[in-house]
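As stored in input30.cif (mmCIF, C-alpha atoms and all ligand atoms):
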```cif
data_query
#
loop_
_atom_site.label_atom_id
_atom_site.label_comp_id
_atom_site.auth_asym_id
_atom_site.auth_seq_id
_atom_site.Cartn_x
_atom_site.Cartn_y
_atom_site.Cartn_z
CA MET A 12 -88.79 108.37 -46.90
CA THR A 13 -88.22 105.56 -44.40
CA HIS A 14 -90.55 105.52 -41.41
CA TYR A 15 -89.61 104.07 -37.99
CA ASP A 16 -91.64 103.44 -34.87
CA VAL A 17 -88.79 104.92 -32.84
CA ILE A 18 -85.55 106.72 -33.66
CA VAL A 19 -82.88 106.99 -30.96
CA ILE A 20 -80.36 109.79 -31.47
CA GLY A 21 -77.07 108.99 -29.73
CA ALA A 22 -76.10 105.34 -29.27
CA GLY A 23 -73.79 105.82 -26.28
CA GLY A 24 -74.44 104.66 -22.72
CA VAL A 25 -78.17 105.35 -22.52
CA GLY A 26 -79.02 105.29 -26.24
CA SER A 27 -77.54 101.81 -26.79
CA ALA A 28 -79.74 100.47 -23.97
CA ALA A 29 -82.85 102.22 -25.38
CA LEU A 30 -82.11 100.76 -28.80
CA TYR A 31 -81.94 97.24 -27.34
CA HIS A 32 -85.12 97.58 -25.26
CA GLY A 33 -87.08 98.97 -28.21
CA ALA A 34 -85.87 96.23 -30.54
CA ALA A 35 -86.62 93.55 -27.93
CA GLN A 36 -90.23 94.78 -27.91
CA GLY A 37 -90.46 94.28 -31.66
CA LEU A 38 -90.39 97.97 -32.57
CA LYS A 39 -89.04 99.10 -35.91
CA ILE A 40 -86.21 101.14 -34.43
CA LEU A 41 -83.21 103.07 -35.74
CA GLY A 42 -80.20 104.34 -33.78
CA ILE A 43 -78.14 107.22 -35.16
CA ASP A 44 -74.75 108.31 -33.82
CA ARG A 45 -72.30 110.94 -35.02
CA PHE A 46 -69.40 108.58 -34.15
CA SER A 47 -69.08 104.76 -33.99
CA PRO A 48 -69.89 103.75 -30.40
CA PRO A 49 -68.26 102.77 -28.18
CA HIS A 50 -65.89 105.69 -28.76
CA ASN A 51 -63.85 108.11 -26.68
CA HIS A 52 -65.36 111.45 -27.77
CA GLY A 53 -68.21 111.70 -25.25
CA SER A 54 -68.94 110.57 -21.69
CA SER A 55 -68.77 106.76 -21.88
CA HIS A 56 -65.16 105.68 -22.16
CA GLY A 57 -62.21 104.86 -19.91
CA GLN A 58 -62.75 101.14 -19.24
CA THR A 59 -64.79 101.18 -16.01
CA ARG A 60 -67.68 102.87 -14.15
CA ILE A 61 -68.66 102.48 -10.50
CA ILE A 62 -72.04 100.96 -9.71
CA ARG A 63 -73.41 101.18 -6.16
CA MET A 64 -76.77 100.77 -4.48
CA ALA A 65 -76.87 102.82 -1.23
CA TYR A 66 -76.99 106.05 -3.19
CA PHE A 67 -75.73 109.09 -1.28
CA GLU A 68 -77.03 111.55 -3.87
CA HIS A 69 -80.75 110.78 -3.27
CA PRO A 70 -82.58 107.74 -1.88
CA ASP A 71 -85.12 107.95 -4.73
CA TYR A 72 -82.45 106.55 -7.07
CA VAL A 73 -82.50 103.21 -5.22
CA PRO A 74 -85.63 101.75 -6.91
CA LEU A 75 -84.07 102.64 -10.28
CA LEU A 76 -80.80 101.01 -9.23
CA LYS A 77 -82.53 97.75 -8.33
CA GLN A 78 -83.88 97.66 -11.87
CA ALA A 79 -80.50 98.76 -13.29
CA TYR A 80 -78.66 95.87 -11.60
CA ALA A 81 -81.23 93.44 -13.05
CA GLY A 82 -80.75 95.05 -16.47
CA TRP A 83 -76.96 94.55 -16.41
CA LYS A 84 -77.41 90.94 -15.34
CA HIS A 85 -79.79 90.39 -18.24
CA LEU A 86 -77.25 91.95 -20.64
CA GLU A 87 -74.54 89.62 -19.31
CA GLN A 88 -76.80 86.67 -20.08
CA LEU A 89 -77.48 87.98 -23.59
CA SER A 90 -73.84 88.65 -24.38
CA GLY A 91 -72.32 85.70 -22.51
CA GLN A 92 -69.78 88.17 -21.09
CA GLN A 93 -69.03 89.41 -17.57
CA LEU A 94 -69.79 93.13 -17.54
CA TYR A 95 -70.32 93.74 -13.80
CA HIS A 96 -67.60 92.93 -11.24
CA GLU A 97 -68.86 92.90 -7.66
CA VAL A 98 -65.69 93.86 -5.82
CA GLY A 99 -67.50 95.97 -3.21
CA LEU A 100 -67.17 99.70 -2.48
CA LEU A 101 -65.31 101.54 0.29
CA GLU A 102 -66.88 104.89 1.18
CA VAL A 103 -64.93 107.20 3.43
CA GLY A 104 -65.75 110.64 4.78
CA PRO A 105 -66.71 112.82 7.71
CA VAL A 106 -69.84 111.78 9.57
CA ASP A 107 -71.36 115.23 8.94
CA GLY A 108 -70.28 115.45 5.29
CA ILE A 109 -72.28 114.60 2.16
CA VAL A 110 -71.31 111.02 1.32
CA ILE A 111 -71.56 109.21 4.67
CA PRO A 112 -74.91 110.70 5.81
CA GLY A 113 -76.31 110.16 2.29
CA VAL A 114 -75.25 106.51 2.12
CA LEU A 115 -76.63 105.85 5.63
CA ARG A 116 -79.93 107.51 4.70
CA SER A 117 -80.41 105.44 1.52
CA SER A 118 -79.38 102.28 3.32
CA LYS A 119 -81.89 102.96 6.12
CA GLU A 120 -84.80 103.95 3.85
CA HIS A 121 -84.32 100.96 1.57
CA ASP A 122 -83.00 98.45 4.07
CA LEU A 123 -79.69 97.96 2.23
CA PRO A 124 -76.85 96.03 3.90
CA LEU A 125 -73.72 98.02 4.83
CA ASP A 126 -70.68 97.30 6.99
CA GLN A 127 -69.24 100.03 9.17
CA PHE A 128 -65.60 99.89 10.29
CA THR A 129 -63.48 101.84 12.70
CA THR A 130 -60.46 103.26 10.91
CA HIS A 131 -58.26 100.64 12.67
CA GLU A 132 -60.46 97.76 11.53
CA ALA A 133 -60.57 99.20 8.00
CA GLN A 134 -56.79 99.49 7.93
CA ARG A 135 -56.48 95.77 8.68
CA GLN A 136 -59.18 94.76 6.20
CA PHE A 137 -57.97 97.02 3.33
CA PRO A 138 -54.17 97.23 3.71
CA GLY A 139 -53.60 99.45 0.64
CA PHE A 140 -55.68 102.32 2.06
CA ASP A 141 -55.19 104.97 4.74
CA PHE A 142 -58.10 106.56 6.56
CA PRO A 143 -58.19 109.85 8.47
CA GLU A 144 -58.74 109.15 12.22
CA ASN A 145 -61.95 111.17 12.42
CA HIS A 146 -63.61 109.71 9.29
CA THR A 147 -66.29 107.06 8.98
CA VAL A 148 -65.56 104.02 6.80
CA LEU A 149 -68.45 102.13 5.19
CA PHE A 150 -68.29 99.09 2.96
CA GLU A 151 -71.03 98.09 0.56
CA GLN A 152 -70.63 94.57 -0.78
CA GLN A 153 -73.29 94.89 -3.49
CA ALA A 154 -71.24 97.34 -5.55
CA GLY A 155 -68.32 97.31 -7.94
CA TYR A 156 -67.60 98.28 -11.50
CA LEU A 157 -69.04 97.91 -14.99
CA MET A 158 -66.89 97.56 -18.12
CA VAL A 159 -68.21 100.66 -19.84
CA GLU A 160 -67.28 100.12 -23.50
CA ASP A 161 -68.17 96.40 -23.32
CA CYS A 162 -71.64 97.29 -21.98
CA ILE A 163 -72.30 99.61 -24.92
CA ALA A 164 -70.93 97.16 -27.48
CA SER A 165 -73.05 94.39 -25.95
CA TYR A 166 -76.25 96.47 -26.03
CA LEU A 167 -75.62 97.50 -29.65
CA ALA A 168 -74.92 93.90 -30.70
CA ALA A 169 -78.03 92.64 -28.87
CA ALA A 170 -80.16 95.43 -30.39
CA GLN A 171 -79.03 94.59 -33.91
CA GLN A 172 -79.63 90.88 -33.31
CA GLN A 173 -83.21 91.83 -32.42
CA GLY A 174 -83.59 93.76 -35.67
CA ALA A 175 -82.57 97.32 -34.74
CA LYS A 176 -80.80 99.33 -37.42
CA LEU A 177 -77.75 101.39 -36.42
CA ASN A 178 -76.40 104.24 -38.55
CA CYS A 179 -72.99 105.43 -37.34
CA GLU A 180 -71.02 108.48 -38.53
CA GLU A 181 -74.33 110.28 -39.11
CA SER A 182 -75.36 113.43 -37.17
CA LEU A 183 -78.72 114.79 -36.16
CA VAL A 184 -79.15 118.29 -37.54
CA SER A 185 -82.72 119.07 -36.43
CA TRP A 186 -86.13 117.58 -35.66
CA LYS A 187 -89.67 118.93 -35.73
CA PRO A 188 -93.21 117.64 -35.23
CA HIS A 189 -94.81 116.93 -38.59
CA GLN A 190 -98.42 115.77 -39.16
CA GLY A 191 -98.63 113.68 -35.98
CA GLU A 192 -95.11 112.28 -36.41
CA VAL A 193 -91.58 113.56 -35.90
CA GLU A 194 -89.41 114.56 -38.83
CA VAL A 195 -85.72 113.95 -38.20
CA VAL A 196 -83.09 115.63 -40.39
CA THR A 197 -79.51 114.36 -40.31
CA ASP A 198 -76.45 115.33 -42.35
CA LYS A 199 -77.25 112.33 -44.59
CA GLN A 200 -81.04 112.12 -44.95
CA THR A 201 -84.51 112.86 -43.59
CA TYR A 202 -86.59 110.31 -41.65
CA ARG A 203 -90.03 110.17 -40.08
CA CYS A 204 -90.81 108.35 -36.84
CA SER A 205 -93.70 108.00 -34.41
CA LYS A 206 -91.43 108.64 -31.41
CA LEU A 207 -88.03 110.25 -31.03
CA ILE A 208 -85.63 109.50 -28.16
CA ILE A 209 -82.82 111.99 -27.57
CA THR A 210 -79.77 110.61 -25.74
CA THR A 211 -77.06 112.85 -27.12
CA GLY A 212 -75.19 113.29 -23.81
CA ALA A 213 -72.97 116.39 -23.83
CA TRP A 214 -74.49 117.58 -27.14
CA THR A 215 -78.10 117.65 -25.87
CA SER A 216 -78.45 121.45 -25.49
CA SER A 217 -78.39 121.79 -29.28
CA PHE A 218 -81.46 119.56 -29.73
CA THR A 219 -84.06 120.66 -27.19
CA GLY A 220 -85.69 123.34 -29.37
CA ASN A 221 -87.36 126.16 -27.45
CA CYS A 222 -87.02 124.23 -24.21
CA GLN A 223 -83.63 125.40 -22.95
CA LEU A 224 -82.38 122.95 -20.33
CA PRO A 225 -79.97 124.23 -17.65
CA LEU A 226 -77.07 122.01 -18.75
CA THR A 227 -73.40 122.86 -18.38
CA LEU A 228 -70.34 120.85 -19.43
CA LEU A 229 -67.19 119.93 -17.54
CA ARG A 230 -64.02 118.34 -18.89
CA LYS A 231 -62.91 115.63 -16.48
CA HIS A 232 -59.74 113.59 -16.17
CA LEU A 233 -58.99 109.93 -15.53
CA TYR A 234 -55.53 108.75 -14.49
CA TRP A 235 -54.03 105.27 -14.25
CA TYR A 236 -51.00 105.00 -11.92
CA ARG A 237 -48.53 102.16 -11.62
CA SER A 238 -48.31 100.20 -8.40
CA ASP A 239 -46.14 97.23 -7.50
CA SER A 240 -48.33 96.33 -4.53
CA LYS A 241 -50.75 93.41 -4.73
CA ASN A 242 -53.03 95.34 -2.36
CA TYR A 243 -54.63 97.16 -5.29
CA LEU A 244 -55.33 94.18 -7.53
CA ALA A 245 -59.00 93.34 -8.17
CA SER A 246 -58.01 89.68 -8.11
CA GLN A 247 -56.71 90.15 -4.52
CA GLY A 248 -60.02 91.65 -3.32
CA CYS A 249 -59.29 95.36 -3.73
CA PRO A 250 -62.64 97.21 -3.89
CA VAL A 251 -63.64 100.39 -5.72
CA PHE A 252 -63.42 103.44 -3.46
CA PHE A 253 -65.00 106.86 -2.97
CA TYR A 254 -63.54 109.39 -0.52
CA GLU A 255 -64.92 112.72 0.63
CA ASP A 256 -61.93 114.79 1.64
CA GLN A 257 -62.31 118.39 2.85
CA GLY A 258 -65.31 119.05 0.62
CA ARG A 259 -63.77 117.36 -2.44
CA PHE A 260 -64.55 113.90 -3.82
CA PHE A 261 -62.01 111.37 -5.14
CA TYR A 262 -62.73 107.88 -6.37
CA GLY A 263 -61.07 105.00 -8.10
CA PHE A 264 -60.81 101.41 -9.17
CA PRO A 265 -58.57 98.46 -8.41
CA GLU A 266 -55.92 97.44 -10.90
CA LEU A 267 -57.71 95.06 -13.28
CA GLN A 268 -54.52 93.21 -14.36
CA PRO A 269 -50.98 93.60 -12.99
CA GLY A 270 -49.32 96.53 -14.76
CA THR A 271 -52.49 98.21 -16.05
CA GLY A 272 -52.52 100.76 -13.21
CA VAL A 273 -54.85 101.91 -10.45
CA LYS A 274 -57.42 104.27 -11.95
CA VAL A 275 -58.14 107.42 -9.91
CA SER A 276 -60.08 110.63 -10.54
CA GLU A 277 -61.62 113.64 -8.84
CA HIS A 278 -65.42 113.70 -9.04
CA SER A 279 -65.63 117.33 -7.86
CA GLY A 280 -64.11 120.21 -9.85
CA GLY A 281 -63.55 119.99 -13.60
CA ASP A 282 -62.79 122.43 -16.41
CA PRO A 283 -65.83 124.31 -17.80
CA LEU A 284 -66.32 123.45 -21.48
CA SER A 285 -68.46 125.31 -24.01
CA ASP A 286 -68.30 123.05 -27.08
CA PRO A 287 -68.50 119.24 -26.63
CA SER A 288 -67.05 118.73 -30.10
CA VAL A 289 -63.75 120.26 -28.95
CA LEU A 290 -62.73 117.90 -26.11
CA ASP A 291 -59.07 118.71 -25.46
CA PRO A 292 -57.38 115.37 -24.60
CA SER A 293 -54.42 116.96 -22.78
CA GLN A 294 -53.84 116.81 -19.01
CA ASN A 295 -54.66 119.54 -16.50
CA GLN A 296 -51.67 119.94 -14.18
CA GLU A 297 -53.67 121.34 -11.25
CA ASP A 298 -56.16 118.48 -11.43
CA ARG A 299 -53.37 115.91 -11.63
CA LEU A 300 -51.60 117.37 -8.59
CA ALA A 301 -54.82 117.21 -6.55
CA VAL A 302 -55.29 113.55 -7.49
CA GLU A 303 -51.68 112.77 -6.61
CA ALA A 304 -52.01 114.53 -3.24
CA PHE A 305 -55.06 112.37 -2.57
CA LEU A 306 -53.11 109.23 -3.54
CA LYS A 307 -50.22 110.12 -1.26
CA LYS A 308 -52.62 110.52 1.65
CA SER A 309 -55.03 107.65 1.02
CA LEU A 310 -53.40 105.02 -1.26
CA PRO A 311 -49.74 105.44 -0.26
CA GLN A 312 -48.43 102.37 -2.09
CA VAL A 313 -49.52 103.72 -5.49
CA SER A 314 -46.69 105.45 -7.39
CA ARG A 315 -46.87 108.79 -9.24
CA ASP A 316 -45.89 107.04 -12.50
CA LEU A 317 -48.69 107.66 -14.93
CA VAL A 318 -49.58 104.65 -17.11
CA GLN A 319 -52.49 106.30 -18.94
CA HIS A 320 -54.64 109.45 -18.97
CA ALA A 321 -58.00 110.21 -20.56
CA ALA A 322 -60.31 113.24 -20.75
CA CYS A 323 -64.08 112.79 -20.66
CA MET A 324 -67.19 115.00 -20.22
CA TYR A 325 -69.77 115.50 -17.48
CA THR A 326 -73.09 117.13 -18.43
CA MET A 327 -74.29 118.83 -15.26
CA THR A 328 -77.71 119.99 -14.04
CA PRO A 329 -77.92 122.61 -11.26
CA ASP A 330 -78.99 120.01 -8.65
CA GLU A 331 -76.86 117.20 -10.17
CA ASN A 332 -79.92 114.98 -10.61
CA PHE A 333 -80.71 113.66 -14.09
CA ILE A 334 -83.36 114.90 -16.49
CA VAL A 335 -85.59 112.08 -17.77
CA ASP A 336 -88.83 113.32 -19.25
CA VAL A 337 -91.17 113.88 -22.17
CA HIS A 338 -90.28 117.04 -24.13
CA PRO A 339 -92.57 119.83 -22.78
CA GLU A 340 -93.48 120.99 -26.31
CA CYS A 341 -93.74 117.67 -28.12
CA ALA A 342 -95.21 114.56 -26.47
CA ASP A 343 -93.63 112.35 -29.14
CA VAL A 344 -90.11 113.25 -28.02
CA VAL A 345 -88.51 111.94 -24.82
CA LEU A 346 -85.02 112.52 -23.49
CA ALA A 347 -82.48 111.62 -20.85
CA ALA A 348 -79.85 114.29 -20.21
CA GLY A 349 -77.74 115.97 -17.55
CA LEU A 350 -76.49 112.72 -16.03
CA SER A 351 -74.10 114.89 -14.00
CA GLY A 352 -71.18 112.47 -13.91
CA HIS A 353 -72.98 109.58 -12.24
CA GLY A 354 -75.32 108.20 -14.89
CA PHE A 355 -73.67 105.21 -16.50
CA LYS A 356 -74.72 102.65 -13.87
CA PHE A 357 -78.34 103.63 -14.69
CA ALA A 358 -78.04 103.24 -18.46
CA SER A 359 -79.73 99.82 -18.44
CA VAL A 360 -82.81 101.11 -16.62
CA LEU A 361 -82.86 104.50 -18.39
CA GLY A 362 -82.98 102.78 -21.77
CA GLN A 363 -85.94 100.70 -20.61
CA MET A 364 -87.70 103.75 -19.11
CA LEU A 365 -87.26 105.86 -22.25
CA ILE A 366 -88.96 103.19 -24.36
CA GLU A 367 -91.82 103.02 -21.83
CA LEU A 368 -92.05 106.84 -21.62
CA SER A 369 -92.14 107.17 -25.39
CA ALA A 370 -94.92 104.58 -25.69
CA THR A 371 -97.17 105.69 -22.82
CA GLY A 372 -95.95 109.09 -21.57
CA ASN A 373 -95.31 107.42 -18.20
CA THR A 374 -93.09 104.89 -16.50
CA SER A 375 -93.80 102.44 -13.71
CA LEU A 376 -90.72 103.71 -11.83
CA PRO A 377 -90.83 106.82 -9.60
CA ILE A 378 -89.00 109.55 -11.56
CA ASP A 379 -90.84 112.75 -10.59
CA PHE A 380 -87.59 114.02 -9.04
CA LEU A 381 -85.99 113.83 -12.51
CA SER A 382 -88.64 115.89 -14.34
CA ILE A 383 -87.93 118.98 -16.44
CA LYS A 384 -90.64 120.83 -14.49
CA ARG A 385 -88.43 121.13 -11.41
CA PHE A 386 -86.50 123.88 -13.21
CA GLY A 387 -89.69 125.92 -13.68
C1 LIG B 1 -64.57 110.67 -16.19
C2 LIG B 1 -65.96 110.15 -15.96
C3 LIG B 1 -66.17 109.26 -14.94
C4 LIG B 1 -67.47 108.77 -14.69
N1 LIG B 1 -67.66 107.85 -13.69
C5 LIG B 1 -68.89 107.30 -13.52
C6 LIG B 1 -69.06 106.24 -12.60
O1 LIG B 1 -68.12 105.76 -11.97
N2 LIG B 1 -70.31 105.70 -12.49
C7 LIG B 1 -71.36 106.16 -13.21
O2 LIG B 1 -72.47 105.63 -13.05
N3 LIG B 1 -71.22 107.18 -14.09
C8 LIG B 1 -70.01 107.76 -14.26
N4 LIG B 1 -69.83 108.74 -15.17
C9 LIG B 1 -70.99 109.31 -15.89
C10 LIG B 1 -71.41 108.41 -17.03
O3 LIG B 1 -70.31 107.83 -17.67
C11 LIG B 1 -72.25 109.24 -17.99
O4 LIG B 1 -73.29 109.88 -17.26
C12 LIG B 1 -72.88 108.38 -19.06
O5 LIG B 1 -71.95 107.49 -19.61
C13 LIG B 1 -73.46 109.28 -20.14
O6 LIG B 1 -74.14 108.51 -21.10
P1 LIG B 1 -74.91 109.23 -22.30
O7 LIG B 1 -75.58 108.17 -23.06
O8 LIG B 1 -75.73 110.36 -21.74
O9 LIG B 1 -73.76 109.95 -23.13
P2 LIG B 1 -72.76 109.32 -24.22
O10 LIG B 1 -72.43 107.92 -23.86
O11 LIG B 1 -71.67 110.30 -24.39
O12 LIG B 1 -73.64 109.22 -25.52
C14 LIG B 1 -74.07 110.31 -26.27
C15 LIG B 1 -73.97 109.90 -27.72
O13 LIG B 1 -74.65 110.86 -28.51
C16 LIG B 1 -73.95 110.95 -29.73
N5 LIG B 1 -74.32 112.20 -30.39
C17 LIG B 1 -74.11 113.45 -29.93
N6 LIG B 1 -74.58 114.34 -30.80
C18 LIG B 1 -75.12 113.66 -31.83
C19 LIG B 1 -75.77 114.03 -33.03
N7 LIG B 1 -75.95 115.31 -33.38
N8 LIG B 1 -76.19 113.06 -33.86
C20 LIG B 1 -76.00 111.75 -33.55
N9 LIG B 1 -75.39 111.34 -32.42
C21 LIG B 1 -74.97 112.29 -31.57
C22 LIG B 1 -72.49 110.87 -29.31
O14 LIG B 1 -71.64 110.50 -30.38
C23 LIG B 1 -72.55 109.83 -28.20
O15 LIG B 1 -72.24 108.53 -28.71
C24 LIG B 1 -68.55 109.24 -15.47
C25 LIG B 1 -68.32 110.14 -16.50
C26 LIG B 1 -67.04 110.58 -16.76
C27 LIG B 1 -66.82 111.54 -17.90
#
```

Take the structure in the file and write it out as structure tokens.
Amino acid sequence: MTHYDVIVIGAGGVGSAALYHGAAQGLKILGIDRFSPPHNHGSSHGQTRIIRMAYFEHPDYVPLLKQAYAGWKHLEQLSGQQLYHEVGLLEVGPVDGIVIPGVLRSSKEHDLPLDQFTTHEAQRQFPGFDFPENHTVLFEQQAGYLMVEDCIASYLAAAQQQGAKLNCEESLVSWKPHQGEVEVVTDKQTYRCSKLIITTGAWTSSFTGNCQLPLTLLRKHLYWYRSDSKNYLASQGCPVFFYEDQGRFFYGFPELQPGTGVKVSEHSGGDPLSDPSVLDPSQNQEDRLAVEAFLKKSLPQVSRDLVQHAACMYTMTPDENFIVDVHPECADVVLAAGLSGHGFKFASVLGQMLIELSATGNTSLPIDFLSIKRFG
């Protein structure tokens, strides 16, 4: 039976980064994935992901983000490819809502630069967008988008160059502690490893043993709409955007090339899903209408002609903060789960932290707010 220092189950967003960081440290490491990443069956597809620093969700994410930005830059150097596009981020919402106070709080606590506009100034600066009179408009320059599939492919290539082994189209069936190691059973063979890292995204609930994590799944939709206006082209300075609108959240991306469409989605809402292996790729009419109503109000020069649609999964925790921890019943198993629809930008730092956690039981970054213990 082959023995590894570390086995990483799931080579998607976070797992691909863990595989690279382990291999770069000289570990004998194996990645196993039920598909062939990057793929469109999980949570890491659809071309782009927003990355931003002044984090409205919780200021404690900011130290992780600083490391995450450095990680993506390092990956760009390794791959010789641009993965991060710093087009800036527009954040719009009521002053007493969730987004604006959260961004201002993180910016203040961590001394992060932000521009604040009146709606009239914003209208002049960003001609493709409309802003409700009574909303606050913030602009964060140090933000933009990551090319999601390219990031994963780059991490997997870099990991394999450093000696990592990657077995695709192979599924974890079970794991158990065995004589001071971990025994890992897949649908193809049995392995032993000193440390196991679980990064199985939407499938994680099946692999946490007696430790039942409070994870729920949502099916989410991405839409690309045609626009003939240059105002939405990335090359013309169109930023990524995130709007809070009457308690709902909508976000999107500039058109990357003329004709490819402006990508828009609702971050709130979503269709509850019980089995991640049955991700229905069809559209949800109600969701689409809500996105189109948002477009009409806020990006009026975008048409309702759909260029492309994709379905994807969020794995939610009750407080929408991640779970990154050592397994409570087995110190040789660590996991990152419940990324709650905002985790991709962190994949670079999460991969690094999981390798550190698996080796020492600790990380140098402050992640107490992401522990399993908070759920009791
Ligand atoms: C529509 C949408 C928009 C998003 N927008 C953003 C955004 O703008 N910014 C942002 O930061 N985040 C965003 N996110 C969230 C982010 O994309 C995810 O949190 C992140 O990509 C999840 O990474 P992961 O590694 O946990 O999961 P995945 O990348 O899905 O990886 C899990 C892997 O585990 C594998 N696997 C599962 N079961 C097994 C098994 N039994 N054996 C072997 N392998 C297995 C799967 O095949 C998969 O490859 C968005 C998510 C969605 C769905």

How many Å lie between atom CA of His96 of chain A and atom CA of Gln247 of chain A, rounded to one decimal? 13.1 Å

Leaving out Phe137 of chain A and any residue of its chain fewer than 3 positions from it, which residues lie within 9 Å of it when counting all atoms listed in the file, given as a ChimeraX atom specification? /A:132-134,140-141,242,248-250

Pick from A:Val193, A:Leu41, A:Ala169, A:Ala304 nearest to ligand LIG 1 (chain B), counting all atoms listed in the file: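 With all atoms listed in the file as the atom set, the closest residue is A:Leu41.
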
At a cut-off of 7 Å and counting all atoms listed in the file, what residues surround ligand LIG 1 (chain B)? Please answer as a short mmCIF file (atom, residue, chain, number, x, y, z; two decimals) with C-alpha atoms, in the coordinates of the input.
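So the final result, stored in out.cif, reads:
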```cif
data_model
loop_
_atom_site.label_atom_id
_atom_site.label_comp_id
_atom_site.auth_asym_id
_atom_site.auth_seq_id
_atom_site.Cartn_x
_atom_site.Cartn_y
_atom_site.Cartn_z
CA ILE A 20 -80.36 109.79 -31.47
CA GLY A 21 -77.07 108.99 -29.73
CA ALA A 22 -76.10 105.34 -29.27
CA GLY A 23 -73.79 105.82 -26.28
CA GLY A 24 -74.44 104.66 -22.72
CA VAL A 25 -78.17 105.35 -22.52
CA GLY A 26 -79.02 105.29 -26.24
CA ILE A 43 -78.14 107.22 -35.16
CA ASP A 44 -74.75 108.31 -33.82
CA ARG A 45 -72.30 110.94 -35.02
CA PHE A 46 -69.40 108.58 -34.15
CA PRO A 48 -69.89 103.75 -30.40
CA HIS A 50 -65.89 105.69 -28.76
CA HIS A 52 -65.36 111.45 -27.77
CA GLY A 53 -68.21 111.70 -25.25
CA SER A 54 -68.94 110.57 -21.69
CA SER A 55 -68.77 106.76 -21.88
CA THR A 59 -64.79 101.18 -16.01
CA ARG A 60 -67.68 102.87 -14.15
CA ILE A 61 -68.66 102.48 -10.50
CA ILE A 62 -72.04 100.96 -9.71
CA GLU A 181 -74.33 110.28 -39.11
CA SER A 182 -75.36 113.43 -37.17
CA LEU A 183 -78.72 114.79 -36.16
CA VAL A 184 -79.15 118.29 -37.54
CA THR A 210 -79.77 110.61 -25.74
CA THR A 211 -77.06 112.85 -27.12
CA GLY A 212 -75.19 113.29 -23.81
CA ALA A 213 -72.97 116.39 -23.83
CA TRP A 214 -74.49 117.58 -27.14
CA THR A 215 -78.10 117.65 -25.87
CA LYS A 231 -62.91 115.63 -16.48
CA HIS A 232 -59.74 113.59 -16.17
CA LEU A 233 -58.99 109.93 -15.53
CA ALA A 322 -60.31 113.24 -20.75
CA CYS A 323 -64.08 112.79 -20.66
CA MET A 324 -67.19 115.00 -20.22
CA TYR A 325 -69.77 115.50 -17.48
CA ALA A 347 -82.48 111.62 -20.85
CA ALA A 348 -79.85 114.29 -20.21
CA LEU A 350 -76.49 112.72 -16.03
CA SER A 351 -74.10 114.89 -14.00
CA GLY A 352 -71.18 112.47 -13.91
CA HIS A 353 -72.98 109.58 -12.24
CA GLY A 354 -75.32 108.20 -14.89
CA PHE A 355 -73.67 105.21 -16.50
CA LYS A 356 -74.72 102.65 -13.87
CA PHE A 357 -78.34 103.63 -14.69
#
```

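If you look at atom CA of Leu125 of chain A and atom CA of Leu361 of chain A, they are 25.8 Å away from each other.
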
Residue among A:Tyr236, A:Phe260, A:Tyr202, A:Phe128 lying closest to Thr147 of chain A, counting all atoms listed in the file: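 With all atoms listed in the file as the atom set, the closest residue is A:Phe128.
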
Quick one: residues within 7 Å of segment 237-241 of chain A, only C-alpha atoms counted, chain neighbours fewer than 6 positions away excluded, as a CSV table (one decimal) with C-alpha atoms, in the frame of the given file?
```
chain,number,residue,atom,x,y,z
A,247,GLN,CA,-56.7,90.2,-4.5
A,270,GLY,CA,-49.3,96.5,-14.8
A,272,GLY,CA,-52.5,100.8,-13.2
A,273,VAL,CA,-54.8,101.9,-10.4
A,312,GLN,CA,-48.4,102.4,-2.1
A,313,VAL,CA,-49.5,103.7,-5.5
A,314,SER,CA,-46.7,105.4,-7.4
A,316,ASP,CA,-45.9,107.0,-12.5
A,317,LEU,CA,-48.7,107.7,-14.9
A,318,VAL,CA,-49.6,104.6,-17.1
```

Polymer residues at most 8 Å from (-69.4, 103.0, 4.2) by all atoms listed in the file, as a list in words: Leu100, Leu101, Glu102, Val103, Ile111, Val114, Leu115, Leu125, Asp126, Gln127, Phe128, Thr147, Val148, Leu149, Phe150 and Glu151 of chain A

If we count only C-alpha atoms, what is near Tyr262 of chain A at a cut-off of 7 Å, once residues fewer than 2 positions away on the same chain are taken out, given as number ranges by chain? A: 252-254, 260, 275-278

Expected answer as an NGL selection string: all residues with atoms within 6 Å of (-89.3, 106.4, -32.7), only C-alpha atoms: :A and (15-18 or 204-207)

Could you tell me which of A:Pro339, A:Gly387, A:Pro265, A:Pro138 comes closest to Ser246 of chain A if we count only C-alpha atoms?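 Smallest separation from Ser246 of chain A among the options: A:Pro265.
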
Looking at only C-alpha atoms, which of A:Arg299, A:Ser382, A:Tyr72, A:Ser185 is the one that sits closest to Ser217 of chain A?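 Distance minimum relative to Ser217 of chain A lands on A:Ser185.
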
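Reported to one decimal place, the separation of atom CA of Asn51 of chain A from atom CA of Leu89 of chain A is 24.5 Å.
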
Find the spatial neighbours of Ser118 of chain A, counting all atoms listed in the file, within a cut-off of 8 Å - ignore same-chain residues fewer than 6 positions away - and output them as a PDB file with C-alpha atoms, in the frame of the given file.
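Saved as part35.pdb:
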```pdb
ATOM      1  CA  ALA A  65     -76.870 102.820  -1.230  1.00  0.00           C
ATOM      2  CA  TYR A  66     -76.990 106.050  -3.190  1.00  0.00           C
ATOM      3  CA  PRO A 124     -76.850  96.030   3.900  1.00  0.00           C
ATOM      4  CA  LEU A 125     -73.720  98.020   4.830  1.00  0.00           C
TER       5      LEU A 125
END
```
